[in-house]
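Participant: Below is the file target26.cif, which contains mmCIF, C-alpha atoms.
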data_coords
#
loop_
_atom_site.label_atom_id
_atom_site.label_comp_id
_atom_site.auth_asym_id
_atom_site.auth_seq_id
_atom_site.Cartn_x
_atom_site.Cartn_y
_atom_site.Cartn_z
CA LEU P 149 -24.65 2.59 -16.64
CA LYS P 150 -22.87 2.53 -20.01
CA ALA P 151 -19.33 2.19 -21.32
CA VAL P 152 -17.55 4.07 -24.11
CA ILE P 153 -14.39 2.59 -25.66
CA LEU P 154 -12.27 5.07 -27.62
CA ILE P 155 -10.67 3.20 -30.52
CA GLY P 156 -9.06 6.13 -32.37
CA GLY P 157 -8.57 5.95 -36.08
CA PRO P 158 -6.31 5.20 -39.01
CA GLN P 159 -3.97 8.21 -38.88
CA LYS P 160 -2.87 7.14 -35.44
CA GLY P 161 -1.32 3.75 -34.83
CA THR P 162 1.66 4.64 -37.01
CA ARG P 163 3.95 3.13 -34.39
CA PHE P 164 1.98 -0.06 -34.83
CA ARG P 165 2.93 -0.48 -38.47
CA PRO P 166 3.25 -2.68 -40.44
CA LEU P 167 0.62 -4.61 -38.45
CA SER P 168 -1.99 -1.83 -38.56
CA PHE P 169 -1.96 -2.00 -42.40
CA GLU P 170 -3.96 -5.24 -42.23
CA VAL P 171 -6.44 -4.75 -39.38
CA PRO P 172 -7.54 -1.72 -37.37
CA LYS P 173 -5.26 -1.67 -34.33
CA PRO P 174 -8.12 -2.35 -31.83
CA LEU P 175 -8.78 -5.68 -33.59
CA PHE P 176 -5.15 -6.82 -33.40
CA PRO P 177 -5.10 -10.09 -31.43
CA VAL P 178 -3.44 -9.89 -28.01
CA ALA P 179 -3.34 -13.19 -26.07
CA GLY P 180 -5.54 -14.78 -28.73
CA VAL P 181 -8.43 -12.31 -28.82
CA PRO P 182 -8.80 -8.84 -30.40
CA MET P 183 -7.27 -6.13 -28.19
CA VAL P 184 -10.60 -4.38 -27.60
CA GLN P 185 -12.37 -7.63 -26.67
CA HIS P 186 -10.57 -7.57 -23.32
CA HIS P 187 -12.24 -4.19 -22.66
CA ILE P 188 -15.67 -5.44 -23.75
CA GLU P 189 -15.34 -8.55 -21.54
CA ALA P 190 -14.52 -6.39 -18.53
CA CYS P 191 -17.46 -4.04 -19.21
CA ALA P 192 -19.90 -6.92 -19.73
CA LYS P 193 -19.07 -8.22 -16.24
CA VAL P 194 -20.20 -5.00 -14.53
CA PRO P 195 -23.73 -5.58 -13.14
CA GLY P 196 -26.32 -3.26 -14.65
CA LEU P 197 -24.20 -2.09 -17.60
CA LYS P 198 -26.74 -1.57 -20.39
CA GLU P 199 -24.73 -0.69 -23.50
CA ILE P 200 -21.18 -0.44 -24.87
CA LEU P 201 -20.34 2.22 -27.45
CA LEU P 202 -17.17 2.05 -29.54
CA MET P 203 -16.12 5.46 -30.76
CA GLY P 204 -13.52 6.38 -33.34
CA PHE P 205 -13.06 7.49 -36.92
CA TYR P 206 -12.35 4.21 -38.67
CA GLN P 207 -14.59 3.77 -41.72
CA PRO P 208 -17.07 1.07 -40.70
CA ASN P 209 -15.51 -1.96 -42.39
CA GLU P 210 -16.34 -5.62 -42.66
CA ALA P 211 -13.84 -6.73 -40.01
CA LEU P 212 -15.20 -4.26 -37.46
CA SER P 213 -18.85 -5.07 -38.21
CA ARG P 214 -18.20 -8.80 -38.00
CA PHE P 215 -16.41 -8.38 -34.70
CA LEU P 216 -19.26 -6.29 -33.21
CA VAL P 217 -21.94 -8.82 -34.23
CA ALA P 218 -19.92 -11.68 -32.72
CA ALA P 219 -19.21 -9.73 -29.51
CA GLN P 220 -22.90 -8.83 -29.06
CA GLN P 221 -23.88 -12.48 -29.36
CA GLU P 222 -21.12 -13.66 -27.03
CA PHE P 223 -21.59 -11.08 -24.27
CA LYS P 224 -25.37 -10.58 -24.63
CA ILE P 225 -25.08 -6.80 -24.48
CA PRO P 226 -25.85 -4.12 -27.11
CA ILE P 227 -22.61 -2.86 -28.72
CA ARG P 228 -22.62 -0.04 -31.29
CA TYR P 229 -19.96 1.79 -33.24
CA LEU P 230 -20.19 5.59 -33.48
CA GLN P 231 -18.00 7.05 -36.20
CA GLU P 232 -16.55 10.54 -35.73
CA TYR P 233 -16.34 12.69 -38.87
CA ALA P 234 -12.74 13.62 -37.96
CA ALA P 235 -10.28 13.06 -35.12
CA LEU P 236 -11.96 14.94 -32.28
CA GLY P 237 -9.61 14.09 -29.42
CA THR P 238 -10.44 12.09 -26.30
CA GLY P 239 -13.03 14.61 -25.08
CA GLY P 240 -14.37 15.88 -28.42
CA GLY P 241 -15.73 12.49 -29.45
CA ILE P 242 -17.75 11.88 -26.30
CA TYR P 243 -19.00 15.50 -26.39
CA HIS P 244 -20.05 15.15 -30.03
CA PHE P 245 -22.02 11.96 -29.24
CA ARG P 246 -23.27 13.05 -25.80
CA ASP P 247 -26.94 12.51 -26.77
CA GLN P 248 -26.20 8.89 -27.73
CA ILE P 249 -24.29 8.31 -24.47
CA LEU P 250 -27.05 9.81 -22.33
CA SER P 251 -29.98 8.24 -24.23
CA GLY P 252 -32.01 5.96 -21.99
CA GLY P 253 -31.12 8.08 -18.95
CA ALA P 254 -27.54 6.95 -18.28
CA GLU P 255 -26.58 7.95 -14.73
CA ALA P 256 -22.88 7.21 -15.20
CA PHE P 257 -20.57 5.87 -17.89
CA PHE P 258 -17.06 4.48 -18.18
CA VAL P 259 -14.62 5.77 -20.79
CA LEU P 260 -11.80 3.38 -21.72
CA ASN P 261 -8.95 3.96 -24.15
CA ALA P 262 -8.56 0.95 -26.46
CA ASP P 263 -4.76 1.04 -26.47
CA VAL P 264 -4.26 0.04 -22.84
CA CYS P 265 -4.20 -3.42 -21.34
CA SER P 266 -5.37 -3.76 -17.77
CA GLU P 267 -7.26 -5.79 -15.22
CA PHE P 268 -9.98 -3.12 -15.64
CA PRO P 269 -11.14 -2.80 -11.99
CA LEU P 270 -14.41 -1.19 -13.12
CA GLN P 271 -16.57 -2.52 -10.27
CA GLU P 272 -13.98 -1.28 -7.76
CA MET P 273 -14.10 2.19 -9.34
CA LEU P 274 -17.88 2.28 -8.85
CA GLU P 275 -17.56 1.26 -5.21
CA PHE P 276 -14.74 3.74 -4.66
CA ARG P 277 -16.90 6.57 -5.99
CA GLN P 278 -19.68 5.68 -3.54
CA GLN P 279 -17.22 5.79 -0.62
CA HIS P 280 -15.33 8.92 -1.69
CA GLY P 281 -16.84 12.02 -3.14
CA ASP P 282 -20.49 12.38 -4.08
CA MET P 283 -22.48 10.74 -6.83
CA HIS P 284 -21.59 13.64 -9.16
CA SER P 285 -17.82 13.24 -8.89
CA PHE P 286 -15.59 11.68 -11.53
CA VAL P 287 -12.97 8.96 -11.05
CA ILE P 288 -9.69 8.43 -12.92
CA LEU P 289 -7.94 5.06 -12.68
CA GLY P 290 -4.33 5.64 -11.61
CA THR P 291 -1.31 3.43 -11.10
CA THR P 292 2.23 3.92 -9.81
CA ALA P 293 5.12 4.42 -12.24
CA ASN P 294 8.77 5.01 -11.45
CA ARG P 295 9.99 8.60 -11.24
CA THR P 296 11.68 8.82 -14.63
CA GLN P 297 8.93 7.12 -16.61
CA ALA P 298 6.14 9.11 -14.96
CA LEU P 299 7.13 12.04 -17.20
CA ASN P 300 5.77 10.15 -20.23
CA TYR P 301 2.23 10.06 -18.83
CA GLY P 302 -0.42 12.25 -17.26
CA CYS P 303 0.67 12.78 -13.64
CA ILE P 304 -1.79 13.04 -10.76
CA VAL P 305 -1.24 14.71 -7.39
CA ALA P 306 -3.93 13.53 -4.98
CA HIS P 307 -4.90 14.23 -1.38
CA ALA P 308 -3.46 11.45 0.79
CA ASP P 309 -6.70 10.72 2.69
CA THR P 310 -9.53 11.53 0.30
CA GLN P 311 -7.73 10.71 -3.02
CA GLU P 312 -9.15 13.93 -4.45
CA VAL P 313 -7.10 15.05 -7.47
CA GLN P 314 -5.51 18.38 -6.56
CA HIS P 315 -3.23 18.81 -9.54
CA TYR P 316 -3.04 17.19 -12.99
CA VAL P 317 -0.27 17.64 -15.57
CA GLU P 318 -0.06 15.79 -18.89
CA LYS P 319 3.52 14.67 -19.69
CA PRO P 320 5.28 17.19 -17.42
CA SER P 321 8.86 18.27 -18.13
CA THR P 322 9.93 17.81 -14.50
CA PHE P 323 8.87 15.30 -11.84
CA VAL P 324 5.36 15.94 -10.48
CA SER P 325 4.06 12.64 -9.12
CA GLU P 326 4.55 8.92 -9.61
CA ILE P 327 0.78 8.33 -9.85
CA ILE P 328 -0.09 8.21 -13.55
CA ASN P 329 -3.33 8.28 -15.50
CA CYS P 330 -4.33 4.85 -16.87
CA GLY P 331 -6.75 6.15 -19.50
CA ILE P 332 -9.81 4.59 -17.81
CA TYR P 333 -12.46 6.91 -16.33
CA LEU P 334 -15.84 6.88 -14.62
CA PHE P 335 -17.96 9.92 -15.47
CA THR P 336 -21.45 11.23 -14.78
CA PRO P 337 -23.42 13.34 -17.28
CA ALA P 338 -22.08 16.42 -15.42
CA ILE P 339 -18.77 15.98 -17.27
CA PHE P 340 -20.42 17.35 -20.42
CA GLN P 341 -20.89 20.71 -18.72
CA HIS P 342 -17.11 20.91 -18.18
CA ILE P 343 -16.32 19.74 -21.72
CA GLY P 344 -18.92 22.24 -22.97
CA GLU P 345 -17.08 25.07 -21.26
CA VAL P 346 -13.89 24.10 -23.10
CA PHE P 347 -15.88 23.97 -26.36
CA GLN P 348 -17.27 27.48 -25.75
CA ARG P 349 -13.80 28.77 -24.94
CA ASN P 350 -12.37 27.18 -28.07
CA GLN P 351 -15.10 28.78 -30.17
CA GLU P 352 -14.49 32.20 -28.68
CA GLU P 353 -10.75 31.94 -29.30
CA LEU P 354 -11.38 30.83 -32.88
CA ALA P 355 -13.80 33.70 -33.46
CA LEU P 356 -10.92 36.05 -32.66
CA GLU P 357 -8.63 34.20 -35.06
CA GLU P 358 -11.33 33.98 -37.76
CA SER P 359 -9.68 30.94 -39.26
CA SER P 360 -11.47 29.28 -42.16
CA ASN P 361 -11.78 25.80 -40.68
CA GLY P 362 -12.51 26.99 -37.16
CA TRP P 363 -15.72 25.02 -36.69
CA GLN P 364 -13.75 21.81 -36.85
CA ARG P 365 -11.00 22.81 -34.49
CA ALA P 366 -13.38 23.93 -31.73
CA GLU P 367 -14.66 20.37 -31.46
CA VAL P 368 -11.19 18.89 -30.91
CA ILE P 369 -11.05 18.56 -27.12
CA ARG P 370 -8.52 16.58 -25.10
CA LEU P 371 -9.86 15.23 -21.83
CA GLU P 372 -6.43 15.19 -20.23
CA GLN P 373 -5.01 18.64 -21.02
CA ASP P 374 -8.25 20.60 -21.47
CA VAL P 375 -10.61 19.09 -18.90
CA PHE P 376 -8.70 17.32 -16.11
CA THR P 377 -6.20 20.15 -15.65
CA ALA P 378 -9.11 22.53 -15.04
CA LEU P 379 -11.07 20.09 -12.83
CA ALA P 380 -8.13 19.31 -10.52
CA GLY P 381 -8.55 20.94 -7.12
CA SER P 382 -12.27 21.56 -7.62
CA GLY P 383 -13.42 18.66 -5.42
CA LYS P 384 -15.01 16.89 -8.41
CA LEU P 385 -12.20 14.60 -9.55
CA TYR P 386 -10.83 11.58 -7.64
CA VAL P 387 -8.21 8.95 -8.40
CA TYR P 388 -8.65 5.24 -7.72
CA LYS P 389 -5.22 3.63 -7.51
CA THR P 390 -4.91 0.08 -8.75
CA ASP P 391 -2.16 -2.42 -7.96
CA GLY P 392 -3.33 -4.64 -10.83
CA PHE P 393 -1.38 -4.90 -14.05
CA TRP P 394 -1.55 -2.08 -16.59
CA SER P 395 0.36 -1.20 -19.74
CA GLN P 396 -0.02 0.89 -22.86
CA ILE P 397 -0.10 -0.79 -26.26
CA LYS P 398 1.41 1.89 -28.46
CA SER P 399 3.95 -0.06 -30.48
CA ALA P 400 3.99 -3.61 -31.79
CA GLY P 401 6.67 -4.48 -29.20
CA SER P 402 4.31 -3.57 -26.39
CA ALA P 403 1.73 -6.03 -27.80
CA ILE P 404 3.98 -8.96 -26.82
CA TYR P 405 4.30 -7.58 -23.28
CA ALA P 406 0.52 -7.01 -23.08
CA SER P 407 0.01 -10.55 -24.32
CA ARG P 408 2.13 -11.81 -21.40
CA LEU P 409 0.05 -9.82 -18.88
CA TYR P 410 -3.24 -11.15 -20.24
CA LEU P 411 -1.96 -14.77 -20.51
CA ASN P 412 -0.93 -14.52 -16.83
CA GLN P 413 -4.42 -13.37 -15.95
CA TYR P 414 -6.02 -16.24 -17.90
CA SER P 415 -4.97 -18.74 -15.21
CA LYS P 416 -7.62 -17.03 -13.04
CA SER P 417 -10.10 -15.65 -15.57
CA HIS P 418 -9.99 -18.07 -18.55
CA PRO P 419 -8.05 -21.25 -17.70
CA GLU P 420 -9.69 -22.89 -20.74
CA ARG P 421 -7.73 -20.54 -23.03
CA LEU P 422 -4.33 -21.80 -21.81
CA ALA P 423 -2.75 -24.78 -23.56
CA GLN P 424 -1.81 -27.79 -21.40
CA ASN P 425 0.83 -30.46 -21.87
CA LYS P 426 -0.93 -33.54 -23.26
CA PRO P 427 0.41 -36.90 -24.49
CA GLY P 428 1.14 -36.55 -28.23
CA GLY P 429 0.91 -32.77 -28.04
CA PRO P 430 3.65 -30.14 -28.21
CA VAL P 431 5.73 -29.25 -25.15
CA ILE P 432 4.16 -26.24 -23.39
CA ARG P 433 6.26 -24.07 -21.10
CA GLY P 434 4.52 -21.36 -19.11
CA ASN P 435 1.44 -19.59 -20.48
CA VAL P 436 0.58 -20.36 -24.10
CA TYR P 437 -2.59 -19.72 -26.11
CA ILE P 438 -3.23 -21.98 -29.12
CA HIS P 439 -6.22 -21.48 -31.42
CA PRO P 440 -8.18 -24.75 -31.78
CA THR P 441 -7.65 -24.73 -35.60
CA ALA P 442 -3.83 -24.54 -35.38
CA SER P 443 -1.87 -27.66 -36.28
CA ILE P 444 1.23 -28.16 -34.14
CA ASP P 445 3.78 -30.96 -34.34
CA SER P 446 4.25 -32.91 -31.11
CA THR P 447 8.02 -32.20 -31.12
CA ALA P 448 7.54 -28.40 -31.09
CA VAL P 449 8.33 -26.50 -27.88
CA LEU P 450 6.18 -23.41 -27.20
CA GLY P 451 6.32 -20.80 -24.48
CA PRO P 452 6.46 -18.98 -22.25
CA ASN P 453 4.26 -16.13 -23.48
CA VAL P 454 3.26 -17.44 -26.89
CA SER P 455 0.00 -16.87 -28.74
CA ILE P 456 -0.75 -18.98 -31.84
CA GLY P 457 -3.55 -17.78 -34.14
CA GLU P 458 -6.08 -19.71 -36.20
CA GLY P 459 -4.94 -21.99 -39.00
CA VAL P 460 -1.25 -21.71 -38.06
CA THR P 461 1.00 -24.70 -38.85
CA VAL P 462 4.03 -25.40 -36.70
CA GLY P 463 6.45 -28.08 -37.94
CA ALA P 464 8.71 -30.56 -36.15
CA GLY P 465 11.30 -29.34 -33.67
CA VAL P 466 10.14 -25.71 -33.85
CA ARG P 467 10.93 -23.48 -30.85
CA VAL P 468 8.72 -20.42 -30.19
CA ARG P 469 9.13 -18.11 -27.21
CA GLU P 470 7.77 -14.65 -26.27
CA SER P 471 6.03 -14.30 -29.64
CA ILE P 472 2.69 -13.81 -31.37
CA VAL P 473 2.06 -15.93 -34.48
CA LEU P 474 -0.91 -14.60 -36.46
CA HIS P 475 -3.47 -16.63 -38.39
CA GLY P 476 -2.45 -18.61 -41.44
CA ALA P 477 1.29 -18.39 -40.72
CA SER P 478 3.48 -21.42 -41.27
CA LEU P 479 6.67 -22.25 -39.34
CA HIS P 480 8.57 -25.02 -41.11
CA ASP P 481 10.60 -27.71 -39.31
CA HIS P 482 13.26 -26.65 -36.81
CA THR P 483 12.68 -22.90 -37.05
CA CYS P 484 13.39 -20.80 -33.99
CA VAL P 485 11.15 -17.77 -33.31
CA LEU P 486 11.96 -15.52 -30.33
CA ASN P 487 10.54 -12.07 -29.40
CA THR P 488 8.80 -11.80 -32.75
CA ILE P 489 5.40 -11.06 -34.23
CA VAL P 490 4.87 -13.29 -37.27
CA GLY P 491 2.33 -11.66 -39.61
CA TRP P 492 -0.74 -13.24 -41.20
CA ASP P 493 -0.01 -15.92 -43.83
CA SER P 494 3.76 -15.52 -43.46
CA THR P 495 6.11 -18.46 -43.97
CA ILE P 496 9.40 -19.16 -42.20
CA GLY P 497 11.64 -21.76 -43.92
CA ARG P 498 13.37 -24.74 -42.26
CA TRP P 499 16.19 -24.10 -39.81
CA ALA P 500 15.66 -20.33 -40.05
CA ARG P 501 16.03 -18.20 -36.93
CA VAL P 502 13.88 -15.10 -36.46
CA GLU P 503 14.68 -13.16 -33.33
CA GLY P 504 14.08 -9.73 -31.81
CA THR P 505 15.16 -7.89 -28.69
CA PRO P 506 12.43 -7.61 -26.04
CA SER P 507 11.37 -4.12 -25.03
CA ASP P 508 9.95 -5.22 -21.68
CA PRO P 509 10.06 -3.03 -18.58
CA ASN P 510 12.75 -3.71 -15.99
CA PRO P 511 11.55 -6.87 -14.16
CA ASN P 512 13.35 -5.82 -10.95
CA ASP P 513 11.36 -2.58 -10.64
CA PRO P 514 7.74 -3.28 -9.65
CA TYR P 515 6.66 0.15 -10.95
CA ALA P 516 8.52 0.09 -14.27
CA LYS P 517 6.38 0.62 -17.36
CA ILE P 518 7.20 -0.20 -20.95
CA ASP P 519 9.21 2.59 -22.58
CA SER P 520 7.59 4.21 -25.59
CA GLU P 521 10.58 3.18 -27.61
CA THR P 522 11.59 5.20 -30.64
CA LEU P 523 12.37 3.31 -33.83
CA PHE P 524 15.64 5.16 -34.35
CA ARG P 525 18.33 6.43 -32.04
CA ASP P 526 21.35 8.37 -33.35
CA GLY P 527 20.30 7.52 -36.89
CA ARG P 528 20.33 3.77 -36.22
CA LEU P 529 17.44 1.37 -35.77
CA THR P 530 17.14 0.56 -32.07
CA PRO P 531 17.13 -3.19 -31.38
CA SER P 532 13.51 -4.14 -30.83
CA ILE P 533 11.24 -7.07 -31.43
CA THR P 534 11.22 -8.44 -34.97
CA ILE P 535 8.01 -7.90 -36.92
CA LEU P 536 7.06 -9.71 -40.09
CA GLY P 537 4.17 -8.04 -41.93
CA CYS P 538 1.53 -10.17 -43.66
CA SER P 539 2.53 -12.67 -46.37
CA VAL P 540 6.28 -12.40 -45.76
CA THR P 541 8.42 -15.34 -46.89
CA ILE P 542 11.65 -16.11 -45.03
CA PRO P 543 13.88 -18.66 -46.82
CA ALA P 544 15.42 -21.72 -45.14
CA GLU P 545 18.55 -21.41 -43.00
CA VAL P 546 18.69 -17.60 -42.70
CA VAL P 547 18.82 -15.40 -39.61
CA ILE P 548 16.59 -12.32 -39.24
CA LEU P 549 17.53 -10.20 -36.21
CA ASN P 550 15.83 -7.06 -34.78
CA SER P 551 14.25 -6.26 -38.14
CA ILE P 552 10.91 -5.04 -39.43
CA VAL P 553 9.76 -6.57 -42.70
CA LEU P 554 6.93 -4.87 -44.55
CA PRO P 555 4.08 -6.95 -46.02
CA HIS P 556 4.41 -9.14 -49.15
CA LYS P 557 8.20 -9.40 -49.07
CA GLU P 558 10.13 -12.45 -50.16
CA LEU P 559 13.55 -12.35 -48.52
CA SER P 560 16.57 -14.06 -50.06
CA ARG P 561 19.20 -13.71 -47.32
CA SER P 562 19.84 -12.88 -43.65
CA TYR P 563 19.20 -9.39 -42.22
CA LYS P 564 20.12 -7.65 -38.99
CA ASN P 565 18.82 -4.31 -37.57
CA GLN P 566 17.01 -3.34 -40.77
CA ILE P 567 13.66 -2.12 -41.93
CA ILE P 568 13.00 -4.01 -45.14
CA LEU P 569 10.68 -1.93 -47.30
#
In structure tokens, what does this structure look like?
Facilitator:
Amino acid sequence: LKAVILIGGPQKGTRFRPLSFEVPKPLFPVAGVPMVQHHIEACAKVPGLKEILLMGFYQPNEALSRFLVAAQQEFKIPIRYLQEYAALGTGGGIYHFRDQILSGGAEAFFVLNADVCSEFPLQEMLEFRQQHGDMHSFVILGTTANRTQALNYGCIVAHADTQEVQHYVEKPSTFVSEIINCGIYLFTPAIFQHIGEVFQRNQEELALEESSNGWQRAEVIRLEQDVFTALAGSGKLYVYKTDGFWSQIKSAGSAIYASRLYLNQYSKSHPERLAQNKPGGPVIRGNVYIHPTASIDSTAVLGPNVSIGEGVTVGAGVRVRESIVLHGASLHDHTCVLNTIVGWDSTIGRWARVEGTPSDPNPNDPYAKIDSETLFRDGRLTPSITILGCSVTIPAEVVILNSIVLPHKELSRSYKNQIIL
């Protein structure tokens, strides 16, 4: 048994700017640890899982290498990074590296997209496959969305008793089903035969077109549109529906929501990561993660849903709620930070207020998902969380509302609903 985590590459993640300028998106900290570490933790818990492969087209850089070495030591499992030569799509990458995935006689492997946050019921998916279908069938993790939001995802129509996928449509234009694809799969080596058929078909079509860069385009294969659509109704593909939490992390705003979901889970999975109220310590409300190296004044009030990175300083009387404060940032006395991501090494002056508008799903609808919000609507910036890039300086006594500030900016006044370039 192996696991493959698809981490994408630099030309994607544009909705995650300006944060993705500083670190590859999969290493962005959510609830105190890099986004992709949650995936690795879940995979490492599966009995008999022998190896984890990260796949993407980031240039191997120091941050990624350091992270992999640390993760291998912590989880005692081999973890390797396989770099694609170009963006090959969700199916093209695993097809390109199929020999690496199958080496050592892998009987089955998980594929997880790095930009989702989830409880990752991997063990349950294995058990589900043994009960339904044969050992050569494939399993998609599905969850329920509401009718309008389902159109933004891959929609699955499944047989009520067997859960066999009978129909699959990626982002349909009309309502198909409220069961959506979570981007987490369990495959056997037989999947490569199906991806191979798509590859052959692509090559034949390109031979007719005789385009100059055809060899590259034949390798770009999308699991969802190219493979699942064809497999649906063949008796090979099943859906395991989870009631656990799940969300996409496409934009920076969704990182705060994902952070809340993971912090909630910590009370069961990692109680040691949650800050407690202690004499002489800051006031903690709800779930809060504080890095051991952070220095926080005892009069500060933090939470709910706050994550404080390493080396952060928080002054007297500071209020932080629904926010992520990244390493090295400094919040001077009496600042108020709400629905905001404070970038690395940024400084917020005394009595300043930095606030955004949350983009959370409707709390009264159990099946609501986070909307893939657009930055602009009708030519205006839509109110969203406030993001300060790295090394941004906010002066004392100003108000920054619903704004995005690019890295290395020194502001001199208040701003509202602006992108400050």
Participant: Please write the residues picked by the PyMOL selection byres ((chain P and resi 410-420) around 12) on this file as a ChimeraX atom specification.
Facilitator: /P:177-183,185-187,189-190,193,264-268,392-395,403-409,421-424,434-440,451-455,470,472
Participant: Tell me, in Å to one decimal, how far atom CA of His342 of chain P is from atom CA of Tyr206 of chain P.
Facilitator: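 Answer for the atom CA of His342 of chain P to atom CA of Tyr206 of chain P separation: 26.9 Å.
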Participant: Might you pull out every residue within 7 Å of Gly463 of chain P, with only C-alpha atoms counted and same-chain residues fewer than 2 positions away left off, and present them as a short mmCIF file (atom, residue, chain, number, x, y, z; two decimals) with C-alpha atoms, in the coordinates of the input?
Facilitator:
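Now in out27.cif:
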data_model
loop_
_atom_site.label_atom_id
_atom_site.label_comp_id
_atom_site.auth_asym_id
_atom_site.auth_seq_id
_atom_site.Cartn_x
_atom_site.Cartn_y
_atom_site.Cartn_z
CA ILE P 444 1.23 -28.16 -34.14
CA ASP P 445 3.78 -30.96 -34.34
CA ALA P 448 7.54 -28.40 -31.09
CA THR P 461 1.00 -24.70 -38.85
CA GLY P 465 11.30 -29.34 -33.67
CA VAL P 466 10.14 -25.71 -33.85
CA LEU P 479 6.67 -22.25 -39.34
CA HIS P 480 8.57 -25.02 -41.11
CA ASP P 481 10.60 -27.71 -39.31
#
Participant: Go through segment 255-315 of chain P residue by residue and, counting only C-alpha atoms, keep those with an atom at most 7 Å from segment 504-524 of chain P; for each kept residue give the shortest atom pair and its distance in Å to one decimal, ordered by chain and increasing number, as CSV.
Facilitator:
residue,atom,partner,partner_atom,distance
P:Thr292,CA,P:Tyr515,CA,5.9
P:Ala293,CA,P:Tyr515,CA,4.7
P:Asn294,CA,P:Tyr515,CA,5.3
Participant: Do you have the atom CA of Ile332 of chain P-atom CA of Asn209 of chain P distance handy?
Facilitator: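 Pair atom CA of Ile332 of chain P / atom CA of Asn209 of chain P returns 26.1 Å.
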Participant: Atom CA of Leu230 of chain P and atom CA of Leu202 of chain P, how far apart in Å?
Facilitator: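 Distance reported for this atom pair: 6.1 Å.
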Participant: Give the answer as one residue: which of P:Glu503, P:Pro427, P:Met283, P:Arg498 has the shortest atom-to-atom distance to Val485 of chain P, using all atoms listed in the file?
Facilitator: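 So, comparing all the options, the nearest one is P:Glu503.
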Participant: Would you mind completing segment 218-229 of chain P so that it carries N, CA and C atoms, and writing it out as a PDB file, in the frame of the given file?
Facilitator:
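Dumped to part.pdb:
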ATOM      1  N   ALA P 218     -20.340 -10.517 -33.511  1.00  0.00           N
ATOM      2  CA  ALA P 218     -19.920 -11.680 -32.720  1.00  0.00           C
ATOM      3  C   ALA P 218     -19.859 -11.330 -31.235  1.00  0.00           C
ATOM      4  N   ALA P 219     -19.343 -10.134 -30.922  1.00  0.00           N
ATOM      5  CA  ALA P 219     -19.210  -9.730 -29.510  1.00  0.00           C
ATOM      6  C   ALA P 219     -20.586  -9.563 -28.867  1.00  0.00           C
ATOM      7  N   GLN P 220     -21.544  -9.003 -29.624  1.00  0.00           N
ATOM      8  CA  GLN P 220     -22.900  -8.830 -29.060  1.00  0.00           C
ATOM      9  C   GLN P 220     -23.504 -10.184 -28.714  1.00  0.00           C
ATOM     10  N   GLN P 221     -23.298 -11.157 -29.621  1.00  0.00           N
ATOM     11  CA  GLN P 221     -23.880 -12.480 -29.360  1.00  0.00           C
ATOM     12  C   GLN P 221     -23.197 -13.138 -28.169  1.00  0.00           C
ATOM     13  N   GLU P 222     -21.854 -12.976 -28.092  1.00  0.00           N
ATOM     14  CA  GLU P 222     -21.120 -13.660 -27.030  1.00  0.00           C
ATOM     15  C   GLU P 222     -21.416 -13.063 -25.657  1.00  0.00           C
ATOM     16  N   PHE P 223     -21.467 -11.713 -25.586  1.00  0.00           N
ATOM     17  CA  PHE P 223     -21.590 -11.080 -24.270  1.00  0.00           C
ATOM     18  C   PHE P 223     -23.012 -10.627 -23.944  1.00  0.00           C
ATOM     19  N   LYS P 224     -23.937 -10.867 -24.873  1.00  0.00           N
ATOM     20  CA  LYS P 224     -25.370 -10.580 -24.630  1.00  0.00           C
ATOM     21  C   LYS P 224     -25.571  -9.137 -24.156  1.00  0.00           C
ATOM     22  N   ILE P 225     -24.942  -8.202 -24.873  1.00  0.00           N
ATOM     23  CA  ILE P 225     -25.080  -6.800 -24.480  1.00  0.00           C
ATOM     24  C   ILE P 225     -25.049  -5.979 -25.776  1.00  0.00           C
ATOM     25  N   PRO P 226     -25.878  -4.924 -25.882  1.00  0.00           N
ATOM     26  CA  PRO P 226     -25.850  -4.120 -27.110  1.00  0.00           C
ATOM     27  C   PRO P 226     -24.507  -3.404 -27.265  1.00  0.00           C
ATOM     28  N   ILE P 227     -23.882  -3.532 -28.445  1.00  0.00           N
ATOM     29  CA  ILE P 227     -22.610  -2.860 -28.720  1.00  0.00           C
ATOM     30  C   ILE P 227     -22.777  -2.120 -30.041  1.00  0.00           C
ATOM     31  N   ARG P 228     -22.493  -0.816 -30.039  1.00  0.00           N
ATOM     32  CA  ARG P 228     -22.620  -0.040 -31.290  1.00  0.00           C
ATOM     33  C   ARG P 228     -21.326   0.693 -31.574  1.00  0.00           C
ATOM     34  N   TYR P 229     -21.136   1.002 -32.843  1.00  0.00           N
ATOM     35  CA  TYR P 229     -19.960   1.790 -33.240  1.00  0.00           C
ATOM     36  C   TYR P 229     -20.419   3.166 -33.691  1.00  0.00           C
TER      37      TYR P 229
END
